[in-house]
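protein19.txt follows (compact mmCIF, C-alpha atoms):
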```txt
# COMPACT_ATOMS: atom_id res chain seq x y z
CA MET H 14 -24.46 35.72 198.09
CA THR H 15 -26.55 34.75 195.11
CA ILE H 16 -26.00 36.55 191.87
CA THR H 17 -29.00 36.62 189.59
CA PHE H 18 -28.69 37.61 185.99
CA PRO H 19 -31.60 39.31 184.31
CA THR H 20 -33.27 36.94 181.89
CA PRO H 21 -34.97 38.44 178.86
CA ALA H 22 -38.75 38.31 178.81
CA PHE H 23 -40.10 35.32 176.87
CA ASP H 24 -41.27 37.27 173.85
CA THR H 25 -38.01 39.25 173.52
CA HIS H 26 -35.61 36.36 173.97
CA PRO H 27 -32.92 36.61 171.25
CA LEU H 28 -33.43 33.00 170.17
CA LEU H 29 -37.16 33.52 169.77
CA LEU H 30 -36.62 36.76 167.85
CA ALA H 31 -34.10 35.02 165.59
CA ARG H 32 -36.52 32.18 164.94
CA ARG H 33 -39.28 34.63 164.07
CA ALA H 34 -36.97 36.58 161.76
CA ALA H 35 -35.96 33.35 160.02
CA ARG H 36 -39.62 32.43 159.54
CA ARG H 37 -40.32 35.88 158.07
CA VAL H 38 -37.43 35.53 155.61
CA LYS H 39 -38.55 32.01 154.64
CA TRP H 40 -42.09 33.27 154.01
CA ALA H 41 -40.84 36.23 151.95
CA VAL H 42 -38.67 33.93 149.80
CA PHE H 43 -41.61 31.55 149.32
CA GLN H 44 -43.87 34.43 148.25
CA TYR H 45 -41.21 35.82 145.89
CA ARG H 46 -40.67 32.45 144.22
CA ASN H 47 -44.42 31.78 143.95
CA ALA H 48 -45.49 35.30 142.99
CA ALA H 49 -46.86 34.28 139.58
CA ASN H 50 -48.79 31.31 140.99
CA ILE H 51 -50.11 33.41 143.87
CA ARG H 52 -51.41 36.01 141.42
CA LEU H 53 -52.97 33.29 139.27
CA LEU H 54 -54.63 31.36 142.09
CA SER H 55 -55.94 34.54 143.75
CA GLN H 56 -58.18 35.13 140.76
CA PHE H 57 -60.16 31.92 141.31
CA GLU H 58 -62.51 30.75 144.03
CA SER H 59 -63.76 27.26 144.70
CA LEU H 60 -67.47 26.52 144.83
CA GLY H 61 -66.76 23.33 146.72
CA ASP H 62 -67.64 19.74 145.91
CA ASN H 63 -64.54 18.83 147.84
CA CYS H 64 -61.47 20.60 149.20
CA GLU H 65 -59.03 19.86 146.38
CA PHE H 66 -58.96 23.33 144.84
CA ALA H 67 -58.83 25.11 148.21
CA SER H 68 -55.96 22.80 149.20
CA LEU H 69 -54.13 23.64 145.98
CA GLN H 70 -54.52 27.35 146.70
CA LYS H 71 -53.39 26.96 150.30
CA SER H 72 -50.32 24.94 149.31
CA CYS H 73 -49.27 27.88 147.11
CA GLY H 74 -49.81 30.44 149.87
CA VAL H 75 -53.28 31.60 148.73
CA ASP H 76 -55.78 31.28 151.54
CA LEU H 77 -58.56 33.74 150.80
CA PRO H 78 -61.81 33.52 152.72
CA GLY H 79 -64.52 31.63 150.83
CA ILE H 80 -67.87 30.27 151.95
CA PHE H 81 -67.90 27.08 149.87
CA LYS H 82 -64.21 26.27 149.53
CA TRP H 83 -64.15 23.67 152.33
CA MET H 84 -67.71 22.42 151.73
CA GLY H 85 -69.07 19.35 149.95
CA THR H 86 -71.54 21.19 147.74
CA SER H 87 -73.54 19.98 144.73
CA VAL H 88 -74.69 21.77 141.58
CA SER H 89 -78.36 21.71 142.59
CA SER H 90 -77.72 23.12 146.09
CA LEU H 91 -75.48 25.87 144.66
CA VAL H 92 -78.07 26.90 142.04
CA GLU H 93 -80.84 26.98 144.63
CA THR H 94 -78.84 28.96 147.18
CA LEU H 95 -77.61 31.46 144.56
CA ASP H 96 -81.19 32.10 143.47
CA ASN H 97 -82.16 32.66 147.12
CA ASP H 98 -79.24 35.02 147.83
CA LEU H 99 -77.83 32.39 150.19
CA ALA H 100 -80.86 32.69 152.48
CA GLY H 101 -80.38 30.43 155.50
CA ALA H 102 -76.65 29.92 154.84
CA ASP H 103 -75.86 31.77 158.06
CA ASP H 104 -78.82 30.49 160.10
CA ILE H 105 -77.52 28.65 163.16
CA ALA H 106 -80.58 26.39 163.07
CA ASN H 107 -79.13 24.86 159.90
CA LEU H 108 -75.80 24.00 161.51
CA ARG H 109 -74.74 20.94 163.44
CA LEU H 110 -71.31 19.78 164.62
CA GLU H 111 -70.24 16.24 163.97
CA VAL H 112 -66.98 14.42 164.56
CA HIS H 113 -64.94 13.18 161.64
CA PRO H 114 -64.32 9.48 162.30
CA GLY H 115 -60.87 9.55 160.72
CA ASN H 116 -59.01 12.40 162.35
CA ALA H 117 -61.16 13.53 165.31
CA GLU H 118 -61.89 16.88 163.67
CA HIS H 119 -65.16 18.68 164.29
CA ILE H 120 -67.03 18.74 160.99
CA LEU H 121 -69.81 21.23 160.34
CA TYR H 122 -72.93 19.74 158.81
CA HIS H 123 -75.08 22.26 156.95
CA ARG H 124 -78.70 21.13 156.66
CA LEU H 125 -79.48 23.58 153.86
CA TYR H 126 -76.78 22.14 151.60
CA GLU H 127 -76.88 18.64 153.08
CA ALA H 128 -73.12 18.96 153.12
CA ASN H 129 -70.16 18.82 155.47
CA SER H 130 -67.37 21.33 155.73
CA HIS H 131 -64.10 21.47 157.62
CA THR H 132 -63.80 23.47 160.82
CA PHE H 133 -60.12 22.53 161.35
CA ALA H 134 -60.93 22.37 165.07
CA LEU H 135 -59.87 19.12 166.67
CA VAL H 136 -62.01 17.41 169.29
CA GLY H 137 -60.92 18.64 172.71
CA SER H 138 -59.38 21.87 171.37
CA ASP H 139 -62.38 23.87 172.56
CA GLU H 140 -65.96 23.46 173.74
CA PRO H 141 -68.20 22.30 170.86
CA GLU H 142 -70.68 25.12 171.60
CA LYS H 143 -67.93 27.72 171.12
CA ILE H 144 -66.76 26.07 167.90
CA LEU H 145 -70.32 26.10 166.56
CA GLN H 146 -70.70 29.78 167.45
CA ARG H 147 -67.45 30.64 165.69
CA GLN H 148 -68.58 28.73 162.58
CA HIS H 149 -71.89 30.56 162.66
CA ARG H 150 -70.18 33.97 162.89
CA ARG H 151 -67.81 32.94 160.12
CA LEU H 152 -70.74 32.09 157.84
CA ILE H 153 -72.40 35.46 158.49
CA LEU H 154 -69.30 37.25 157.25
CA LEU H 155 -68.58 34.85 154.39
CA LYS H 156 -72.13 35.06 153.08
CA ARG H 157 -71.89 38.86 152.94
CA LYS H 158 -68.51 38.60 151.22
CA PHE H 159 -69.69 36.04 148.66
CA LEU H 160 -72.76 38.09 147.70
CA GLU H 161 -70.59 41.18 147.28
CA ASP H 162 -68.11 39.24 145.14
CA VAL H 163 -70.71 37.69 142.82
CA ARG H 164 -72.39 41.05 142.31
CA GLU H 165 -69.07 42.50 141.16
CA GLY H 166 -67.76 39.41 139.34
CA ARG H 167 -64.48 39.53 141.24
CA ARG H 168 -63.51 35.88 140.75
CA ILE H 169 -63.52 33.05 138.27
CA TYR H 170 -65.49 30.41 140.15
CA VAL H 171 -64.25 26.84 139.99
CA PHE H 172 -66.49 23.82 140.22
CA ARG H 173 -65.04 20.36 139.95
CA SER H 174 -66.96 17.18 140.52
CA LEU H 175 -66.17 13.52 140.56
CA ARG H 176 -69.89 12.81 140.62
CA PRO H 177 -71.29 12.88 137.10
CA VAL H 178 -72.34 16.43 136.18
CA SER H 179 -73.90 16.98 132.77
CA GLU H 180 -73.00 19.94 130.61
CA ASP H 181 -76.59 21.16 131.05
CA GLU H 182 -76.12 21.22 134.83
CA ALA H 183 -72.86 23.15 134.45
CA HIS H 184 -74.66 25.68 132.23
CA THR H 185 -77.42 25.97 134.85
CA LEU H 186 -74.83 26.81 137.51
CA HIS H 187 -73.12 29.27 135.20
CA GLU H 188 -76.47 30.95 134.50
CA ALA H 189 -77.26 31.15 138.22
CA LEU H 190 -73.94 32.92 138.77
CA GLY H 191 -74.67 35.14 135.77
CA ARG H 192 -77.98 36.25 137.28
CA LYS H 193 -76.01 37.71 140.20
CA GLY H 194 -73.36 39.55 138.20
CA PRO H 195 -70.73 39.31 135.47
CA ASN H 196 -69.38 35.97 136.67
CA THR H 197 -67.37 33.27 134.96
CA LEU H 198 -67.54 29.60 135.89
CA LEU H 199 -64.71 27.18 135.22
CA TRP H 200 -66.10 23.66 135.23
CA VAL H 201 -63.33 21.10 135.65
CA ARG H 202 -64.27 17.55 134.66
CA PRO H 203 -62.36 14.30 134.24
CA ALA H 204 -61.08 14.01 130.65
CA SER H 205 -62.72 11.26 128.63
CA THR H 206 -59.55 10.65 126.58
CA ALA H 207 -55.86 11.27 127.24
CA GLY H 208 -55.71 13.67 124.29
CA GLN H 209 -58.19 16.01 125.95
CA VAL H 210 -56.20 16.47 129.16
CA GLY H 211 -55.40 20.12 129.77
CA LEU H 212 -57.84 21.48 127.18
CA VAL H 213 -59.94 24.47 128.18
CA ALA H 214 -62.82 25.61 125.97
CA ARG H 215 -65.13 28.58 126.20
CA ARG H 216 -68.79 27.85 125.44
CA ALA H 217 -71.08 30.34 123.74
CA ASP H 218 -72.52 31.62 127.02
CA GLY H 219 -69.07 32.13 128.58
CA LEU H 220 -68.87 28.88 130.55
CA LEU H 221 -65.29 27.59 130.64
CA VAL H 222 -64.92 23.81 130.43
CA ALA H 223 -61.61 22.15 131.32
CA ASP H 224 -60.58 18.51 131.06
CA ILE H 225 -58.22 17.20 133.70
CA ASP H 226 -56.47 13.85 134.03
CA ALA H 227 -57.38 13.24 137.68
CA LEU H 228 -59.49 14.73 140.44
CA ALA H 229 -58.97 14.07 144.14
CA ALA H 230 -61.41 11.54 145.57
CA TYR H 231 -63.83 12.61 148.29
CA GLU H 232 -61.92 10.65 150.95
CA THR H 233 -58.67 12.38 149.97
CA GLY H 234 -60.05 15.82 149.23
CA MET H 235 -57.20 17.61 151.00
CA THR H 236 -54.78 16.43 148.33
CA VAL H 237 -54.19 17.64 144.79
CA ALA H 238 -54.47 14.79 142.31
CA SER H 239 -53.17 16.43 139.13
CA ARG H 240 -50.27 18.57 137.95
CA GLN H 241 -52.53 19.99 135.24
CA TRP H 242 -54.22 22.55 137.48
CA ALA H 243 -51.77 25.41 136.86
CA PRO H 244 -51.81 25.14 133.02
CA ILE H 245 -55.61 24.82 133.07
CA LEU H 246 -55.98 27.91 135.27
CA ARG H 247 -53.63 29.92 133.08
CA LYS H 248 -55.64 29.01 129.97
CA ALA H 249 -58.92 29.76 131.73
CA ARG H 250 -57.67 33.15 132.87
CA ALA H 251 -56.45 33.96 129.34
CA LEU H 252 -59.85 33.01 127.88
CA ALA H 253 -61.70 35.09 130.45
CA HIS H 254 -59.36 38.01 129.87
CA ALA H 255 -59.70 37.78 126.07
CA HIS H 256 -63.49 37.90 126.45
CA ASP H 257 -63.95 41.02 128.57
CA GLY H 258 -60.52 42.30 129.60
CA ARG H 259 -60.91 41.29 133.23
CA PHE H 260 -58.48 39.02 135.11
CA PRO H 261 -55.19 40.29 133.67
CA SER H 262 -52.15 38.10 134.15
CA GLY H 263 -50.02 41.00 135.42
CA ARG H 264 -51.56 41.42 138.82
CA ALA H 265 -54.27 40.02 141.08
CA ALA H 266 -57.83 41.14 140.41
CA MET Y 26 -48.15 55.76 168.44
CA THR Y 27 -51.18 57.59 169.83
CA LEU Y 28 -53.00 56.45 172.96
CA LEU Y 29 -55.99 55.48 170.80
CA ALA Y 30 -53.78 53.36 168.56
CA VAL Y 31 -52.24 51.65 171.58
CA THR Y 32 -55.69 50.84 172.96
CA ASP Y 33 -56.80 49.54 169.56
CA LEU Y 34 -53.70 47.38 169.34
CA ASP Y 35 -54.29 45.88 172.80
CA ARG Y 36 -57.93 45.12 171.98
CA LEU Y 37 -56.99 43.72 168.60
CA LEU Y 38 -54.32 41.43 170.06
CA ASP Y 39 -56.88 40.14 172.59
CA LEU Y 40 -59.31 39.39 169.74
CA VAL Y 41 -56.63 37.56 167.79
CA ARG Y 42 -55.67 35.49 170.84
CA GLU Y 43 -59.33 34.60 171.42
CA ASN Y 44 -59.96 33.57 167.83
CA VAL Y 45 -56.70 32.03 166.74
CA GLY Y 46 -56.13 30.06 169.90
CA THR Y 47 -53.28 29.26 172.18
CA GLN Y 48 -50.72 29.26 169.36
CA ALA Y 49 -51.09 33.01 169.13
CA LYS Y 50 -49.70 33.87 172.55
CA ALA Y 51 -46.54 35.57 171.31
CA LEU Y 52 -48.20 38.32 169.33
CA GLY Y 53 -46.97 41.81 168.61
CA PRO Y 54 -47.80 44.80 166.44
CA PHE Y 55 -45.81 43.37 163.52
CA THR Y 56 -47.00 39.75 163.63
CA ARG Y 57 -48.17 38.34 160.29
CA ALA Y 58 -50.72 35.53 160.09
CA ALA Y 59 -48.28 33.33 158.20
CA GLN Y 60 -45.96 33.39 161.23
CA VAL Y 61 -48.58 31.95 163.56
CA ARG Y 62 -49.59 28.31 163.36
CA GLY Y 63 -53.36 28.07 163.07
CA TRP Y 64 -53.91 31.63 161.86
CA ASP Y 65 -55.40 30.62 158.51
CA SER Y 66 -58.32 32.10 156.57
CA VAL Y 67 -60.83 30.33 158.83
CA ALA Y 68 -59.34 31.98 161.92
CA MET Y 69 -58.90 35.28 160.07
CA VAL Y 70 -62.61 35.46 159.27
CA ASN Y 71 -63.35 34.96 162.97
CA VAL Y 72 -60.93 37.75 163.85
CA LEU Y 73 -62.55 40.08 161.30
CA PHE Y 74 -66.03 39.31 162.61
CA ALA Y 75 -64.87 39.92 166.19
CA MET Y 76 -63.33 43.23 165.09
CA GLU Y 77 -66.59 44.32 163.44
CA GLU Y 78 -68.43 43.63 166.68
CA ALA Y 79 -65.84 45.12 169.01
CA PHE Y 80 -65.08 48.27 167.05
CA GLY Y 81 -68.47 48.79 165.38
CA VAL Y 82 -67.06 48.80 161.84
CA GLU Y 83 -67.82 46.84 158.67
CA PHE Y 84 -65.27 45.46 156.23
CA ASN Y 85 -65.92 44.97 152.55
CA SER Y 86 -64.77 41.96 150.56
CA ALA Y 87 -61.55 43.52 149.27
CA GLN Y 88 -60.59 44.58 152.79
CA MET Y 89 -61.25 41.08 154.13
CA GLU Y 90 -58.89 39.67 151.50
CA ARG Y 91 -56.12 42.09 152.40
CA ALA Y 92 -56.11 40.99 156.04
CA ASP Y 93 -52.86 39.10 156.55
CA GLY Y 94 -51.69 40.04 160.02
CA VAL Y 95 -51.74 42.57 162.84
CA PRO Y 96 -50.33 45.55 160.87
CA THR Y 97 -52.93 45.14 158.08
CA LEU Y 98 -55.75 44.63 160.55
CA LEU Y 99 -54.87 47.92 162.25
CA LYS Y 100 -54.75 49.61 158.86
CA LEU Y 101 -58.12 48.13 157.88
CA LEU Y 102 -59.61 49.30 161.16
CA HIS Y 103 -58.38 52.81 160.43
CA GLU Y 104 -59.84 52.65 156.90
CA ALA Y 105 -63.17 51.25 158.07
CA ARG Y 106 -63.49 54.14 160.50
CA GLY Y 107 -63.14 56.47 157.54
CA GLY Y 108 -59.56 57.44 158.30
```

Would you write out, as structure tokens, the structure that this file holds?
Amino acid sequence: MTITFPTPAFDTHPLLLARRAARRVKWAVFQYRNAANIRLLSQFESLGDNCEFASLQKSCGVDLPGIFKWMGTSVSSLVETLDNDLAGADDIANLRLEVHPGNAEHILYHRLYEANSHTFALVGSDEPEKILQRQHRRLILLKRKFLEDVREGRRIYVFRSLRPVSEDEAHTLHEALGRKGPNTLLWVRPASTAGQVGLVARRADGLLVADIDALAAYETGMTVASRQWAPILRKARALAHAHDGRFPSGRAA
Amino acid sequence: MTLLAVTDLDRLLDLVRENVGTQAKALGPFTRAAQVRGWDSVAMVNVLFAMEEAFGVEFNSAQMERADGVPTLLKLLHEARGG
């Protein structure tokens, strides 16, 4: 005679449930400890150039949807697309999948911006056609979200660039954002002297300019190169708040 | 839970599985995105888009940002339907 014992279904196995509960507790502790940083980082959104700022946000548990956060944008392409209400940003004819030579990730090339962005889909994980369709659908939603956000001025937009960007260009981008709504741009540039590191200044038109000691290179865009980001963001938020009362430090906008 | 809510949950879990990938097999009504490997903001946007298509609703920006797992997605669906 064979005795069979009932085995719990896979998704109700006590070990699995315990593991899930432990993960939930770990996540709750992480969020509790990082509450102030989560609130701070949630008030900013990257306009691209590379993925450093989005990586910083993600490492602190802030992973809000954003159209440019994983994209290699430039000032001129951002100004042009803002003035055109992001026309063509979600046109599939502008999209092409390529393979990243380093890590076998599918990279999305956007003809309109002449820029690449991460898909986080590895080669072989799915059919390229399906990945492209998902990216296209994603852009439709993110475009709508971005236009709604800039109309309402819901974020302080962050633009950092290792490529030389003049102050005039930064003002042009700030003005382009301003034409859409009550937006603030934080332009983060490499400091020219050690004494300037961590300084944040507000220009007459509201543009915030910050000097940082190091920015992540384009090849290592998924890393954060400086410990100055948090103090810079706190100062930027305080300046923005002092100007018009938005972006309080107490809670997320 | 009403029959409608159960049907919504089943459809929603299917959409999450489709858009988050194989990592999301062990899903339930209380699963949060942070508990599932691969369910990041990129995958979440795909889930939200699929929900808009499947349920005929539209989410605004603030709602998209609140989406952090199955319970919130069900709540957002209810809100988007005017509930």

_Need to verify the contact set: Leu160 (chain H), 9 Å, all atoms listed in the file, exclusion of same-chain residues closer than 3 positions in sequence. Can you return it as a ChimeraX atom specification?_
/H:95,98-99,155-157,163-165,193

Using only C-alpha atoms, I'd like every residue of chain H that has an atom within 8 Å of chain Y; please write them out as a PDB file with C-alpha atoms, keeping the file's coordinate frame.
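part_18.pdb was written with the following content:
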```
ATOM      1  CA  ASP H  24     -41.270  37.270 173.850  1.00  0.00           C
ATOM      2  CA  ARG H  33     -39.280  34.630 164.070  1.00  0.00           C
ATOM      3  CA  ARG H  36     -39.620  32.430 159.540  1.00  0.00           C
ATOM      4  CA  ARG H  37     -40.320  35.880 158.070  1.00  0.00           C
ATOM      5  CA  TRP H  40     -42.090  33.270 154.010  1.00  0.00           C
ATOM      6  CA  ASP H  76     -55.780  31.280 151.540  1.00  0.00           C
ATOM      7  CA  LEU H  77     -58.560  33.740 150.800  1.00  0.00           C
ATOM      8  CA  PRO H  78     -61.810  33.520 152.720  1.00  0.00           C
ATOM      9  CA  THR H 132     -63.800  23.470 160.820  1.00  0.00           C
ATOM     10  CA  ARG H 147     -67.450  30.640 165.690  1.00  0.00           C
ATOM     11  CA  ARG H 150     -70.180  33.970 162.890  1.00  0.00           C
ATOM     12  CA  ARG H 151     -67.810  32.940 160.120  1.00  0.00           C
ATOM     13  CA  LEU H 154     -69.300  37.250 157.250  1.00  0.00           C
ATOM     14  CA  LEU H 155     -68.580  34.850 154.390  1.00  0.00           C
ATOM     15  CA  LYS H 158     -68.510  38.600 151.220  1.00  0.00           C
ATOM     16  CA  PHE H 159     -69.690  36.040 148.660  1.00  0.00           C
ATOM     17  CA  GLU H 161     -70.590  41.180 147.280  1.00  0.00           C
ATOM     18  CA  ASP H 162     -68.110  39.240 145.140  1.00  0.00           C
TER      19      ASP H 162
END
```

*Just how far from CA of Leu212 (chain H) is CA of Ile245 (chain H), in Å to one decimal?*
7.1 Å

*Just give me the residues with any atom within 9 Å of (-67.1, 20.8, 135.9), file coordinates, counting only C-alpha atoms, written as a PyMOL selection string.*
chain H and resi 171-175+178-180+183+198-203+221-224

*asked:* Which residue is closest to Asp39 (chain Y)? Choose from Y:Val82, Y:Val95, Y:His103, Y:Ala58 and count all atoms listed in the file.
replied: Y:Val95

*Nearest to Arg42 (chain Y), chosen from Y:Arg106, Y:Phe80, Y:Trp64, Y:Phe55, with all atoms listed in the file counted in the distances*: Y:Trp64

*For Arg124 (chain H), which residue among H:Phe66, H:Asp139, H:Gln146, H:Thr86 is the nearest when counting all atoms listed in the file?*
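Looking only at the distances to Arg124 (chain H), the closest residue turns out to be H:Thr86.
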
*Between CA of Glu104 (chain Y) and CA of Gln88 (chain Y) - distance in Å to one decimal*: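 Separation of CA of Gln88 (chain Y) and CA of Glu104 (chain Y): 9.1 Å.
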
*What separation in Å, quoted to one decimal, exists between CA of Asp103 (chain H) and CA of Pro96 (chain Y)?*
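Atom-to-atom, CA of Asp103 (chain H) and CA of Pro96 (chain Y) are spaced 29.1 Å apart.
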
*Could you tell me which of Y:Val45, Y:Val31, Y:Met76, Y:Leu38 comes closest to Ala105 (chain Y) if we count all atoms listed in the file?*
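Distance minimum relative to Ala105 (chain Y) lands on Y:Met76.
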
*Tell me which of H:Ala251, H:Cys64, H:Ile80, H:Leu29 sits closest to Ala238 (chain H), counting only C-alpha atoms.*
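Looking at the shortest contact to Ala238 (chain H), the residue is H:Cys64.
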
*Test item: residues at most 6 Å from Met84 (chain H), all atoms listed in the file, excluding those fewer than 2 positions along its chain, as a list in words*: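 So, after excluding close chain neighbours, the residues are Gly61, Phe81, Lys82, Thr86, Asn129 and Ser130 of chain H.
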
Can you write out the residues you just picked, keeping C-alpha atoms, as a PDB file, in the frame of the given file?
```pdb
ATOM      1  CA  GLY H  61     -66.760  23.330 146.720  1.00  0.00           C
ATOM      2  CA  PHE H  81     -67.900  27.080 149.870  1.00  0.00           C
ATOM      3  CA  LYS H  82     -64.210  26.270 149.530  1.00  0.00           C
ATOM      4  CA  THR H  86     -71.540  21.190 147.740  1.00  0.00           C
ATOM      5  CA  ASN H 129     -70.160  18.820 155.470  1.00  0.00           C
ATOM      6  CA  SER H 130     -67.370  21.330 155.730  1.00  0.00           C
TER       7      SER H 130
END
```

_If we count all atoms listed in the file and set the cut-off at 12 Å, which residues sit around His113 (chain H), ignoring sequence neighbours fewer than 6 positions away in its own chain? Please answer as a list in words._
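My reading of the contact set: His119, Ile120, Leu121, Tyr122, Asn129, Ser130, His131, Thr132, Phe133, Ala134, Leu135, Val136 and Glu232 of chain H.
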